[in-house]
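Next comes input19.csv, with CSV, C-alpha atoms.
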chain,number,residue,atom,x,y,z
A,40,MET,CA,38.2,-53.2,22.4
A,41,THR,CA,34.7,-53.9,23.7
A,42,PRO,CA,31.4,-52.3,22.8
A,43,ARG,CA,31.4,-50.5,26.2
A,44,GLY,CA,34.9,-49.3,25.6
A,45,LEU,CA,34.0,-47.9,22.2
A,46,LEU,CA,30.9,-46.2,23.6
A,47,THR,CA,33.0,-44.6,26.3
A,48,GLY,CA,35.4,-43.3,23.7
A,49,TYR,CA,32.6,-42.0,21.6
A,50,LEU,CA,31.0,-40.2,24.6
A,51,ALA,CA,34.3,-38.7,25.7
A,52,VAL,CA,35.1,-37.2,22.3
A,53,HIS,CA,31.6,-35.9,21.6
A,54,LEU,CA,30.6,-34.7,25.1
A,55,GLY,CA,34.1,-33.1,25.3
A,56,TYR,CA,33.5,-31.0,22.2
A,57,LEU,CA,29.9,-30.3,23.2
A,58,ALA,CA,31.1,-28.9,26.6
A,59,TYR,CA,33.8,-26.8,24.9
A,60,LEU,CA,31.5,-25.4,22.2
A,61,SER,CA,28.8,-24.7,24.8
A,62,ILE,CA,31.1,-21.9,26.1
A,63,PHE,CA,30.3,-20.0,22.9
A,64,VAL,CA,26.6,-20.6,23.3
A,65,PHE,CA,26.7,-19.2,26.8
A,66,GLN,CA,28.4,-16.1,25.4
A,67,GLY,CA,25.6,-15.7,22.8
A,68,GLN,CA,27.9,-16.8,20.0
A,69,ALA,CA,28.4,-19.7,17.5
A,70,PHE,CA,31.7,-21.0,16.2
A,71,SER,CA,33.3,-20.6,12.8
A,72,ASP,CA,30.9,-21.3,9.9
A,73,THR,CA,28.1,-22.1,12.3
A,74,THR,CA,27.9,-18.3,12.9
A,75,ILE,CA,27.0,-17.9,9.3
A,76,TYR,CA,24.6,-20.9,9.3
A,77,ARG,CA,22.9,-19.4,12.4
A,78,ASP,CA,22.4,-16.1,10.7
A,79,TRP,CA,21.0,-17.8,7.5
A,80,ALA,CA,18.5,-19.8,9.6
A,81,ALA,CA,17.4,-16.8,11.6
A,82,ALA,CA,16.9,-14.7,8.5
A,83,GLY,CA,15.1,-17.4,6.6
A,84,PHE,CA,17.9,-18.1,4.1
A,85,PRO,CA,17.9,-14.8,2.3
A,86,GLN,CA,18.9,-15.0,-1.4
A,87,ASP,CA,20.9,-11.8,-1.4
A,88,ALA,CA,23.0,-12.5,1.8
A,89,GLN,CA,26.8,-12.4,1.5
A,90,PRO,CA,28.0,-15.2,1.6
A,91,SER,CA,24.9,-16.7,0.1
A,92,PRO,CA,23.3,-19.8,1.6
A,93,TRP,CA,22.8,-21.0,-2.0
A,94,VAL,CA,26.6,-21.7,-2.2
A,95,TYR,CA,25.4,-25.2,-0.9
A,96,PRO,CA,23.2,-27.7,-2.6
A,97,ILE,CA,19.7,-27.3,-1.3
A,98,ALA,CA,19.7,-30.4,1.0
A,99,GLY,CA,22.8,-28.9,2.7
A,100,LEU,CA,20.4,-26.3,4.2
A,101,ALA,CA,18.4,-29.0,5.9
A,102,PRO,CA,20.7,-29.5,8.9
A,103,ILE,CA,21.0,-25.8,9.2
A,104,TRP,CA,17.2,-25.4,9.3
A,105,ILE,CA,16.9,-28.2,11.9
A,106,SER,CA,19.5,-26.6,14.1
A,107,GLY,CA,17.7,-23.3,13.9
A,108,LEU,CA,14.3,-24.6,14.9
A,109,ALA,CA,14.7,-23.5,18.5
A,110,GLY,CA,16.0,-20.0,17.5
A,111,PRO,CA,19.6,-18.6,17.3
A,112,GLY,CA,20.4,-19.2,21.0
A,113,PRO,CA,20.9,-23.0,21.1
A,114,PHE,CA,21.8,-23.3,17.4
A,115,LEU,CA,25.4,-24.5,18.0
A,116,ILE,CA,24.2,-27.0,20.7
A,117,LEU,CA,21.7,-28.6,18.3
A,118,TRP,CA,24.3,-28.6,15.5
A,119,VAL,CA,26.8,-30.5,17.6
A,120,LEU,CA,24.1,-32.9,18.8
A,121,LEU,CA,23.0,-33.6,15.2
A,122,THR,CA,26.6,-34.3,14.1
A,123,SER,CA,27.2,-36.5,17.2
A,124,VAL,CA,24.2,-38.7,16.5
A,125,LEU,CA,25.3,-39.2,12.9
A,126,ASN,CA,28.8,-40.0,14.0
A,127,GLY,CA,27.4,-42.5,16.5
A,128,VAL,CA,25.4,-44.3,13.9
A,129,ALA,CA,28.4,-44.4,11.6
A,130,LEU,CA,30.5,-45.9,14.4
A,131,GLY,CA,27.9,-48.5,14.9
A,132,VAL,CA,27.8,-49.4,11.3
A,133,LEU,CA,31.6,-49.4,11.0
A,134,SER,CA,32.0,-51.8,14.1
A,135,ARG,CA,28.8,-53.8,13.4
A,136,TRP,CA,27.7,-52.4,16.7
A,137,GLY,CA,30.7,-53.7,18.5
A,138,LYS,CA,30.5,-57.3,17.1
A,139,LYS,CA,33.4,-57.2,14.7
A,140,ARG,CA,36.9,-56.8,16.2
A,141,GLU,CA,38.4,-55.3,13.0
A,142,GLY,CA,35.5,-52.9,12.8
A,143,VAL,CA,36.0,-51.8,16.4
A,144,LEU,CA,39.7,-51.1,15.6
A,145,ALA,CA,38.6,-49.1,12.6
A,146,ALA,CA,36.0,-47.3,14.7
A,147,TRP,CA,38.7,-46.2,17.2
A,148,TRP,CA,40.8,-44.9,14.3
A,149,TRP,CA,37.7,-42.9,13.2
A,150,LEU,CA,37.3,-41.5,16.7
A,151,VAL,CA,40.9,-40.4,16.9
A,152,PHE,CA,40.5,-38.8,13.4
A,153,ILE,CA,37.3,-37.0,14.6
A,154,ALA,CA,39.1,-35.8,17.8
A,155,ILE,CA,41.9,-34.3,15.8
A,156,MET,CA,39.7,-32.7,13.2
A,157,GLY,CA,37.1,-31.9,15.8
A,158,LEU,CA,36.3,-28.3,15.5
A,159,LEU,CA,36.1,-28.6,11.7
A,160,GLY,CA,33.9,-31.6,12.0
A,161,PHE,CA,31.6,-29.9,14.5
A,162,ALA,CA,31.3,-26.6,12.7
A,163,ARG,CA,30.9,-27.3,9.0
A,164,VAL,CA,28.4,-29.1,6.8
A,165,ASP,CA,31.2,-31.5,5.8
A,166,GLY,CA,31.0,-32.9,9.4
A,167,VAL,CA,27.4,-33.9,8.7
A,168,THR,CA,28.1,-35.4,5.3
A,169,ALA,CA,31.1,-37.5,6.3
A,170,PRO,CA,29.3,-40.0,8.5
A,171,ILE,CA,26.4,-40.2,5.9
A,172,VAL,CA,29.0,-41.1,3.3
A,173,LEU,CA,30.4,-43.8,5.6
A,174,MET,CA,27.0,-45.3,6.0
A,175,GLY,CA,26.4,-45.3,2.2
A,176,LEU,CA,29.7,-46.8,1.3
A,177,SER,CA,29.3,-49.5,4.0
A,178,LEU,CA,26.3,-50.8,2.1
A,179,GLY,CA,28.2,-50.5,-1.2
A,180,VAL,CA,28.2,-53.7,-3.3
A,181,ALA,CA,25.7,-55.6,-1.2
A,182,SER,CA,22.9,-53.0,-1.5
A,183,PRO,CA,23.7,-50.6,-4.4
A,184,LEU,CA,20.2,-49.1,-4.5
A,185,ALA,CA,20.3,-48.0,-0.8
A,186,ALA,CA,24.0,-47.1,-1.0
A,187,SER,CA,23.4,-44.8,-4.0
A,188,ALA,CA,20.4,-43.2,-2.4
A,189,ILE,CA,22.3,-42.4,0.8
A,190,LEU,CA,25.3,-41.1,-1.2
A,191,ALA,CA,22.9,-39.0,-3.4
A,192,ILE,CA,21.4,-37.4,-0.2
A,193,ALA,CA,24.9,-36.5,0.9
A,194,THR,CA,25.7,-35.1,-2.6
A,195,TRP,CA,22.7,-32.8,-2.4
A,196,MET,CA,24.1,-31.5,0.9
A,197,LYS,CA,27.7,-31.0,-0.3
A,198,VAL,CA,29.0,-31.9,-3.8
A,199,TRP,CA,32.0,-34.0,-2.8
A,200,PRO,CA,30.1,-37.3,-2.1
A,201,ALA,CA,29.5,-37.6,-5.8
A,202,ALA,CA,33.1,-38.7,-6.0
A,203,ALA,CA,32.0,-41.9,-4.3
A,204,LEU,CA,29.0,-42.5,-6.6
A,205,LEU,CA,31.1,-43.1,-9.7
A,206,PRO,CA,33.2,-45.9,-8.3
A,207,LEU,CA,30.0,-47.5,-6.9
A,208,PHE,CA,28.5,-47.4,-10.4
A,209,ALA,CA,31.7,-48.9,-11.8
A,210,VAL,CA,31.9,-51.9,-9.5
A,211,VAL,CA,28.4,-53.2,-8.9
A,212,ARG,CA,26.7,-55.8,-11.1
A,213,ASP,CA,23.3,-54.1,-11.3
A,214,ARG,CA,24.3,-50.6,-12.3
A,215,TRP,CA,20.7,-49.6,-12.9
A,216,LYS,CA,20.2,-49.7,-9.2
A,217,VAL,CA,22.8,-46.9,-8.7
A,218,ILE,CA,21.1,-44.8,-11.3
A,219,ALA,CA,17.7,-45.5,-9.8
A,220,GLY,CA,18.7,-44.6,-6.3
A,221,SER,CA,20.3,-41.4,-7.3
A,222,ALA,CA,17.4,-40.5,-9.6
A,223,LEU,CA,14.8,-41.1,-6.9
A,224,VAL,CA,16.6,-38.9,-4.4
A,225,THR,CA,17.2,-36.2,-7.0
A,226,ALA,CA,13.5,-36.2,-7.9
A,227,ALA,CA,12.6,-35.9,-4.2
A,228,VAL,CA,14.9,-33.0,-3.7
A,229,ALA,CA,13.6,-31.2,-6.8
A,230,GLY,CA,10.0,-31.8,-5.6
A,231,VAL,CA,10.8,-30.4,-2.2
A,232,ALA,CA,12.5,-27.4,-3.8
A,233,ALA,CA,9.4,-26.8,-6.0
A,234,ALA,CA,7.1,-27.1,-3.0
A,235,LEU,CA,9.1,-24.5,-1.1
A,236,GLY,CA,9.1,-22.2,-4.0
A,237,VAL,CA,12.9,-22.3,-4.4
A,238,PHE,CA,13.2,-24.5,-7.5
A,239,PRO,CA,15.0,-21.8,-9.5
A,240,HIS,CA,17.8,-21.9,-7.0
A,241,LEU,CA,18.2,-25.7,-7.3
A,242,LEU,CA,21.5,-25.4,-9.2
A,243,ASP,CA,22.7,-22.1,-7.9
A,244,PHE,CA,25.6,-23.8,-6.1
A,245,LEU,CA,27.2,-24.6,-9.4
A,246,THR,CA,27.4,-20.9,-10.6
A,247,THR,CA,28.3,-19.6,-7.1
A,248,GLN,CA,31.3,-21.9,-6.9
A,249,GLY,CA,32.4,-20.7,-10.4
A,250,SER,CA,33.2,-17.3,-9.0
A,251,ARG,CA,36.0,-18.7,-6.9
A,252,GLY,CA,39.7,-18.1,-7.7
A,253,MET,CA,42.6,-20.2,-6.5
A,254,GLN,CA,41.8,-20.7,-2.8
A,255,LEU,CA,44.7,-20.4,-0.3
A,256,GLU,CA,44.8,-24.1,0.8
A,257,ALA,CA,44.2,-25.7,-2.6
A,258,THR,CA,47.0,-28.1,-3.6
A,259,PHE,CA,47.8,-26.4,-6.9
A,260,THR,CA,47.9,-23.0,-5.2
A,261,THR,CA,51.1,-24.0,-3.4
A,262,PRO,CA,53.4,-22.2,-5.9
A,263,TRP,CA,51.4,-18.9,-5.6
A,264,LEU,CA,51.3,-19.3,-1.8
A,265,TRP,CA,55.1,-19.2,-1.7
A,266,MET,CA,55.1,-16.3,-4.3
A,267,SER,CA,52.9,-14.4,-1.9
A,268,VAL,CA,55.1,-15.3,1.2
A,269,LEU,CA,58.3,-14.3,-0.6
A,270,GLY,CA,56.8,-11.2,-2.3
A,271,ILE,CA,57.4,-12.5,-5.9
A,272,GLY,CA,55.5,-11.2,-8.9
A,273,ASP,CA,52.9,-9.2,-7.1
A,274,ALA,CA,51.3,-12.3,-5.7
A,275,ARG,CA,48.9,-11.6,-2.9
A,276,MET,CA,46.4,-13.1,-0.5
A,277,TYR,CA,42.9,-11.6,-0.2
A,278,MET,CA,39.4,-12.4,1.2
A,279,ASN,CA,36.6,-13.1,-1.3
A,280,ASN,CA,33.8,-11.8,0.9
A,281,GLU,CA,31.1,-13.0,-1.5
A,282,ILE,CA,31.8,-16.6,-0.6
A,283,ASN,CA,33.9,-16.1,2.6
A,284,SER,CA,37.0,-17.5,1.0
A,285,MET,CA,40.7,-16.7,1.3
A,286,GLN,CA,42.3,-16.7,-2.1
A,287,VAL,CA,45.6,-16.1,-3.8
A,288,ASP,CA,46.4,-14.2,-7.0
A,289,GLY,CA,49.6,-14.0,-8.9
A,290,PRO,CA,51.2,-14.5,-12.3
A,291,GLY,CA,49.3,-17.3,-14.1
A,292,SER,CA,46.9,-18.0,-11.3
A,293,ALA,CA,43.8,-17.1,-13.4
A,294,VAL,CA,45.0,-19.6,-16.1
A,295,ALA,CA,45.5,-22.3,-13.4
A,296,SER,CA,42.1,-21.6,-12.0
A,297,ALA,CA,40.4,-22.0,-15.3
A,298,LEU,CA,42.3,-25.3,-16.0
A,299,MET,CA,41.4,-27.0,-12.7
A,300,GLN,CA,37.9,-28.2,-13.6
A,301,PRO,CA,38.8,-29.8,-17.0
A,302,LEU,CA,41.9,-31.3,-15.4
A,303,PHE,CA,39.8,-32.9,-12.7
A,304,VAL,CA,37.4,-34.2,-15.3
A,305,LEU,CA,40.3,-35.9,-17.2
A,306,VAL,CA,41.7,-37.4,-13.9
A,307,ALA,CA,38.2,-38.6,-12.9
A,308,LEU,CA,37.7,-40.3,-16.3
A,309,ALA,CA,41.2,-41.9,-15.9
A,310,ILE,CA,40.3,-43.2,-12.4
A,311,ALA,CA,36.9,-44.6,-13.7
A,312,GLY,CA,38.7,-46.3,-16.6
A,313,THR,CA,41.2,-47.9,-14.2
A,314,ILE,CA,38.3,-49.2,-12.0
A,315,PHE,CA,36.6,-50.7,-15.0
A,316,TRP,CA,39.9,-52.2,-16.2
A,317,ALA,CA,40.7,-53.6,-12.8
A,318,LEU,CA,37.3,-55.2,-12.5
A,319,HIS,CA,37.6,-56.7,-16.0
A,320,GLU,CA,41.1,-58.1,-15.2
A,321,GLY,CA,39.8,-59.5,-11.9
A,322,LYS,CA,37.0,-61.4,-13.7
A,323,LYS,CA,39.5,-62.9,-16.2
A,324,ARG,CA,41.8,-64.1,-13.4
A,325,GLY,CA,39.2,-65.3,-11.0
A,326,HIS,CA,39.9,-62.6,-8.4
A,327,GLU,CA,36.9,-60.3,-8.5
A,328,ASP,CA,37.0,-58.2,-5.3
A,329,ARG,CA,34.3,-55.6,-5.9
A,330,SER,CA,34.2,-54.3,-2.3
A,331,GLU,CA,37.9,-53.6,-2.3
A,332,LEU,CA,37.7,-52.0,-5.7
A,333,LEU,CA,34.9,-49.7,-4.5
A,334,LEU,CA,37.0,-48.5,-1.5
A,335,ALA,CA,40.2,-48.0,-3.5
A,336,GLY,CA,38.3,-46.3,-6.3
A,337,ALA,CA,36.5,-44.1,-3.8
A,338,LEU,CA,39.7,-43.0,-2.1
A,339,ALA,CA,41.3,-42.3,-5.5
A,340,MET,CA,38.3,-40.2,-6.6
A,341,VAL,CA,37.8,-38.3,-3.4
A,342,SER,CA,41.5,-37.5,-3.0
A,343,ALA,CA,41.6,-36.4,-6.7
A,344,PHE,CA,38.6,-34.2,-5.9
A,345,ILE,CA,40.9,-32.5,-3.3
A,346,VAL,CA,44.2,-32.5,-5.3
A,347,PHE,CA,42.8,-31.3,-8.6
A,348,ASN,CA,40.6,-28.5,-7.2
A,349,LYS,CA,41.0,-24.8,-7.2
A,350,VAL,CA,39.0,-24.8,-3.9
A,351,GLY,CA,40.8,-26.0,-0.8
A,352,SER,CA,39.4,-25.6,2.7
A,353,PRO,CA,40.6,-27.4,5.9
A,354,GLN,CA,37.4,-29.3,6.3
A,355,PHE,CA,38.0,-31.1,3.0
A,356,MET,CA,40.3,-33.5,4.9
A,357,LEU,CA,37.1,-34.9,6.5
A,358,TRP,CA,36.1,-36.3,3.1
A,359,LEU,CA,38.9,-38.8,3.3
A,360,GLY,CA,38.0,-40.3,6.7
A,361,PRO,CA,35.0,-42.5,5.8
A,362,VAL,CA,36.8,-44.4,3.0
A,363,VAL,CA,40.0,-45.0,5.1
A,364,ALA,CA,37.9,-46.1,8.1
A,365,LEU,CA,36.0,-48.6,6.0
A,366,GLY,CA,39.2,-49.8,4.4
A,367,LEU,CA,40.7,-50.5,7.8
A,368,ALA,CA,37.6,-52.5,8.8
A,369,GLN,CA,37.9,-54.6,5.7
A,370,ASP,CA,41.7,-55.1,5.5
A,371,ARG,CA,43.7,-53.4,8.3
A,372,ALA,CA,47.1,-54.5,6.9
A,373,ALA,CA,46.5,-53.2,3.4
A,374,TRP,CA,45.0,-49.9,4.6
A,375,ARG,CA,47.6,-49.1,7.4
A,376,VAL,CA,49.6,-46.7,5.2
A,377,PRO,CA,46.7,-44.4,4.2
A,378,ALA,CA,45.4,-44.5,7.8
A,379,ARG,CA,48.8,-43.2,9.1
A,380,LEU,CA,49.0,-40.7,6.3
A,381,LEU,CA,45.6,-39.3,7.0
A,382,LEU,CA,46.3,-38.9,10.7
A,383,GLY,CA,49.4,-36.9,9.8
A,384,ILE,CA,47.2,-34.8,7.4
A,385,ALA,CA,44.7,-34.3,10.2
A,386,VAL,CA,47.4,-33.1,12.6
A,387,ALA,CA,48.9,-30.7,10.1
A,388,THR,CA,45.3,-29.4,9.3
A,389,TYR,CA,44.7,-28.8,13.0
A,390,PHE,CA,47.8,-26.5,13.1
A,391,ILE,CA,46.5,-24.7,10.0
A,392,TYR,CA,43.0,-24.4,11.4
A,393,PRO,CA,42.0,-23.4,14.1
A,394,LEU,CA,45.4,-22.7,15.6
A,395,PHE,CA,47.3,-20.6,13.1
A,396,TYR,CA,45.1,-19.8,10.2
A,397,ASP,CA,45.5,-16.0,10.8
A,398,ALA,CA,49.2,-16.4,10.6
A,399,LEU,CA,48.9,-18.4,7.4
A,400,SER,CA,46.7,-15.8,5.8
A,401,HIS,CA,49.3,-13.1,6.6
A,402,ASN,CA,52.2,-14.8,4.8
A,403,ASN,CA,53.8,-16.6,7.7
A,404,PRO,CA,56.5,-18.8,6.2
A,405,LEU,CA,56.4,-21.5,8.9
A,406,MET,CA,52.7,-22.0,8.4
A,407,ALA,CA,53.1,-22.0,4.7
A,408,LEU,CA,55.6,-24.8,5.2
A,409,VAL,CA,53.1,-26.7,7.3
A,410,LEU,CA,50.4,-26.3,4.6
A,411,THR,CA,52.9,-27.4,1.9
A,412,VAL,CA,53.7,-30.6,3.9
A,413,ARG,CA,50.0,-31.2,4.3
A,414,ASN,CA,49.4,-30.8,0.6
A,415,VAL,CA,52.3,-33.1,-0.3
A,416,LEU,CA,50.8,-35.8,2.1
A,417,VAL,CA,47.4,-35.5,0.3
A,418,VAL,CA,49.2,-36.0,-3.1
A,419,VAL,CA,51.0,-39.1,-1.6
A,420,LEU,CA,47.6,-40.4,-0.5
A,421,PHE,CA,46.2,-39.9,-4.0
A,422,VAL,CA,49.2,-41.7,-5.5
A,423,TRP,CA,48.9,-44.6,-3.1
A,424,SER,CA,45.2,-45.0,-4.0
A,425,ALA,CA,46.1,-45.0,-7.8
A,426,ILE,CA,48.8,-47.6,-7.2
A,427,ARG,CA,46.4,-49.7,-5.1
A,428,LEU,CA,43.8,-49.7,-7.9
A,429,THR,CA,46.5,-50.8,-10.4
A,430,ARG,CA,47.7,-53.6,-8.2
A,431,LEU,CA,44.1,-54.8,-7.7
A,432,GLY,CA,43.8,-55.1,-11.4
A,433,ARG,CA,46.9,-57.3,-11.5
A,434,LYS,CA,46.0,-59.3,-8.5
A,435,GLY,CA,45.5,-63.0,-9.0
A,436,VAL,CA,47.8,-63.4,-12.0
A,437,PRO,CA,48.6,-67.1,-12.4
A,438,ALA,CA,52.1,-68.0,-11.3
A,439,ALA,CA,53.1,-69.2,-14.8
A,440,ALA,CA,52.1,-65.8,-16.2
A,441,GLU,CA,54.1,-64.0,-13.6
A,442,GLY,CA,57.2,-66.1,-14.4
Kindly return the structure encoded in the file as structure tokens.
Amino acid sequence: MTPRGLLTGYLAVHLGYLAYLSIFVFQGQAFSDTTIYRDWAAAGFPQDAQPSPWVYPIAGLAPIWISGLAGPGPFLILWVLLTSVLNGVALGVLSRWGKKREGVLAAWWWLVFIAIMGLLGFARVDGVTAPIVLMGLSLGVASPLAASAILAIATWMKVWPAAALLPLFAVVRDRWKVIAGSALVTAAVAGVAAALGVFPHLLDFLTTQGSRGMQLEATFTTPWLWMSVLGIGDARMYMNNEINSMQVDGPGSAVASALMQPLFVLVALAIAGTIFWALHEGKKRGHEDRSELLLAGALAMVSAFIVFNKVGSPQFMLWLGPVVALGLAQDRAAWRVPARLLLGIAVATYFIYPLFYDALSHNNPLMALVLTVRNVLVVVLFVWSAIRLTRLGRKGVPAAAEG
């Protein structure tokens, strides 16, 4: 529980994965999605590649470009080093550089989570954005301008951090700072895109994502997953090569796919409304905990982004880690349940990928069960966050009123 102990743990996890993934480098390979990233960087991010690099927001190509500066050979090494540095800074922020005991405990939880999710965290853009989101949310209520700017940078790398921006806007006093921080970053990104001659592709990630069907691991795909496993109604799994995505088709899947986005919008509005209500109630009752509302709202919004989404990939579970880690640092007793749930989700995800994804994609019933359990746990986490938000709104009710 000392700074030296935490540093030792950090080095053990990150040097361990660096050593393992170096094996691929010595064989002239990369690993998982970094193989695609390496090809994009080497080819200069071609617009007509399949899958297209423009499936990501433009800032998401920055770490890929950085990792490719020395050529394709050491690409994976540089990618892991970049991710490791960001994780190290996030651990320092989380633990207040070893000075806060609760933060050190939360940092150890984060390290265990990283270790379990490891190969996903070290081979996807999500592993780069997760520590950035942790840094942004850690500033939160105290520095909304800086927090929103950091979260906006992460959003322009991968869309999911936007789910943390709305709760930030809802809970801070100076909401104009959240707008200003996001607007400044967006203007800077647009300016860089224009300077590079790729401004017409600035929003390509929105239209590219629209071509997706019901992805194999998405929560709402679970019924069609079992239809495919059991051979019901001509349901089938297939690879969408255009975006490198395993999808499931079956009776009603096209309708479900079309409904996912409007359903998420409705849920997001409901969560935002609950955050505003809880803040209003807290003001009335003299219990205005904006920091806790931010974390509970962020967990509700991020988990909703996973649950009510036709897209579902194993690395999405990384999104949940920053919020839970910060929650543990702030109130370990209150956040013990989601911390345990998320470790269970991480273990199930590890069995899904990298261990047995091939079996899952070939209708293996045991792996379909593991995926189903994982999806149920994510739903439970979402429900917990929604209940937490509601309780925060009722917190501080005078004893007479309770009676």
How many Å lie between CA of Ile105 (chain A) and CA of Val224 (chain A), rounded to one decimal?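 If I compute the distance from CA of Ile105 (chain A) to CA of Val224 (chain A), I get 19.5 Å.
Those residues that approach Val211 (chain A) to within 8 Å, counting all atoms listed in the file, are A:Val180, A:Pro183, A:Leu207, A:Phe208, A:Ala209, A:Asp213, A:Arg214, A:Arg329; same-chain residues fewer than 2 positions away are not listed.
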Choose the residue, out of A:Asn348, A:Ser342, A:Ser106, A:Thr313, that has the smallest atom-to-atom separation from Pro301 (chain A); count only C-alpha atoms.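 Checking each of A:Asn348, A:Ser342, A:Ser106, A:Thr313 against Pro301 (chain A), counting only C-alpha atoms, the winner is A:Asn348.
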Could you build a table of the residues in region 356-423 of chain A lying no more than 9 Å from region 261-269 of chain A, giving for each the nearest pair of atoms and their separation in Å rounded to one decimal place, using all atoms listed in the file, ordered by chain and ascending residue number, as CSV?
residue,atom,partner,partner_atom,distance
A:His401,CA,A:Val268,CA,8.2
A:Asn402,CA,A:Val268,CA,4.6
A:Asn403,CA,A:Val268,CA,6.8
A:Pro404,CA,A:Val268,CA,6.3
A:Ala407,CA,A:Leu264,CA,7.3
A:Leu408,CA,A:Trp265,CA,8.9
A:Leu410,CA,A:Thr261,CA,8.4
A:Thr411,CA,A:Thr261,CA,6.5
A:Asn414,CA,A:Thr261,CA,8.1
Please determine, counting all atoms listed in the file, which residue among A:Gly272, A:Pro96, A:Gly166, A:Gly55 has the shortest atom-to-atom distance to Phe238 (chain A).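 Of all the options, A:Pro96 lies closest to Phe238 (chain A).
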In terms of the shortest atom-to-atom distance over only C-alpha atoms, which of A:Val198, A:Ala398, A:Leu57, A:Val228 is closest to Ala101 (chain A)? A:Val228
Per residue of region 268-357 of chain A within 12 Å of region 169-178 of chain A, note the shortest atom pair and the distance in Å to one decimal, counting all atoms listed in the file, and order the rows by chain and increasing residue number, as JSON lines.
{"residue": "A:Ser330", "atom": "CA", "partner": "A:Ser177", "partner_atom": "CA", "distance": 9.3}
{"residue": "A:Glu331", "atom": "CA", "partner": "A:Leu176", "partner_atom": "CA", "distance": 11.2}
{"residue": "A:Leu332", "atom": "CA", "partner": "A:Leu176", "partner_atom": "CA", "distance": 11.8}
{"residue": "A:Leu333", "atom": "CA", "partner": "A:Leu176", "partner_atom": "CA", "distance": 8.3}
{"residue": "A:Leu334", "atom": "CA", "partner": "A:Leu176", "partner_atom": "CA", "distance": 8.0}
{"residue": "A:Ala335", "atom": "CA", "partner": "A:Leu176", "partner_atom": "CA", "distance": 11.6}
{"residue": "A:Gly336", "atom": "CA", "partner": "A:Leu176", "partner_atom": "CA", "distance": 11.5}
{"residue": "A:Ala337", "atom": "CA", "partner": "A:Leu176", "partner_atom": "CA", "distance": 8.9}
{"residue": "A:Leu338", "atom": "CA", "partner": "A:Leu176", "partner_atom": "CA", "distance": 11.2}
{"residue": "A:Val341", "atom": "CA", "partner": "A:Val172", "partner_atom": "CA", "distance": 11.4}
{"residue": "A:Gln354", "atom": "CA", "partner": "A:Ala169", "partner_atom": "CA", "distance": 10.3}
{"residue": "A:Phe355", "atom": "CA", "partner": "A:Ala169", "partner_atom": "CA", "distance": 10.0}
{"residue": "A:Met356", "atom": "CA", "partner": "A:Ala169", "partner_atom": "CA", "distance": 10.1}
{"residue": "A:Leu357", "atom": "CA", "partner": "A:Ala169", "partner_atom": "CA", "distance": 6.5}
Go ahead and save the picked residues with C-alpha atoms, as a PDB file, in the coordinates of the input.
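Saved to selection12.pdb:
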ATOM      1  CA  SER A 330      34.200 -54.300  -2.300  1.00  0.00           C
ATOM      2  CA  GLU A 331      37.900 -53.600  -2.300  1.00  0.00           C
ATOM      3  CA  LEU A 332      37.700 -52.000  -5.700  1.00  0.00           C
ATOM      4  CA  LEU A 333      34.900 -49.700  -4.500  1.00  0.00           C
ATOM      5  CA  LEU A 334      37.000 -48.500  -1.500  1.00  0.00           C
ATOM      6  CA  ALA A 335      40.200 -48.000  -3.500  1.00  0.00           C
ATOM      7  CA  GLY A 336      38.300 -46.300  -6.300  1.00  0.00           C
ATOM      8  CA  ALA A 337      36.500 -44.100  -3.800  1.00  0.00           C
ATOM      9  CA  LEU A 338      39.700 -43.000  -2.100  1.00  0.00           C
ATOM     10  CA  VAL A 341      37.800 -38.300  -3.400  1.00  0.00           C
ATOM     11  CA  GLN A 354      37.400 -29.300   6.300  1.00  0.00           C
ATOM     12  CA  PHE A 355      38.000 -31.100   3.000  1.00  0.00           C
ATOM     13  CA  MET A 356      40.300 -33.500   4.900  1.00  0.00           C
ATOM     14  CA  LEU A 357      37.100 -34.900   6.500  1.00  0.00           C
TER      15      LEU A 357
END
Find the distance between CA of Asp78 (chain A) and CA of Gly99 (chain A) and write it in Å to one decimal.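 Straight-line distance from CA of Asp78 (chain A) to CA of Gly99 (chain A) works out to 15.1 Å.
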Considering all atoms listed in the file, can you say which of A:Leu125, A:Val306, A:Val143, A:Leu431 comes closest to His319 (chain A)?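 Distance minimum relative to His319 (chain A) lands on A:Leu431.
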Using all atoms listed in the file, determine which residues lie at most 12 Å from Ala295 (chain A), disregarding the query and same-chain residues fewer than 3 positions distant; provide the list as a ChimeraX atom specification. /A:252-254,257-263,287-292,298-302,347-350
Just C-alpha atoms for this one: save the residues we selected as a compact mmCIF listing (two decimals), in the coordinates of the input.
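Below is the file out-v4.txt, written as the result:
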# COMPACT_ATOMS: atom_id res chain seq x y z
CA GLY A 252 39.70 -18.10 -7.70
CA MET A 253 42.60 -20.20 -6.50
CA GLN A 254 41.80 -20.70 -2.80
CA ALA A 257 44.20 -25.70 -2.60
CA THR A 258 47.00 -28.10 -3.60
CA PHE A 259 47.80 -26.40 -6.90
CA THR A 260 47.90 -23.00 -5.20
CA THR A 261 51.10 -24.00 -3.40
CA PRO A 262 53.40 -22.20 -5.90
CA TRP A 263 51.40 -18.90 -5.60
CA VAL A 287 45.60 -16.10 -3.80
CA ASP A 288 46.40 -14.20 -7.00
CA GLY A 289 49.60 -14.00 -8.90
CA PRO A 290 51.20 -14.50 -12.30
CA GLY A 291 49.30 -17.30 -14.10
CA SER A 292 46.90 -18.00 -11.30
CA LEU A 298 42.30 -25.30 -16.00
CA MET A 299 41.40 -27.00 -12.70
CA GLN A 300 37.90 -28.20 -13.60
CA PRO A 301 38.80 -29.80 -17.00
CA LEU A 302 41.90 -31.30 -15.40
CA PHE A 347 42.80 -31.30 -8.60
CA ASN A 348 40.60 -28.50 -7.20
CA LYS A 349 41.00 -24.80 -7.20
CA VAL A 350 39.00 -24.80 -3.90
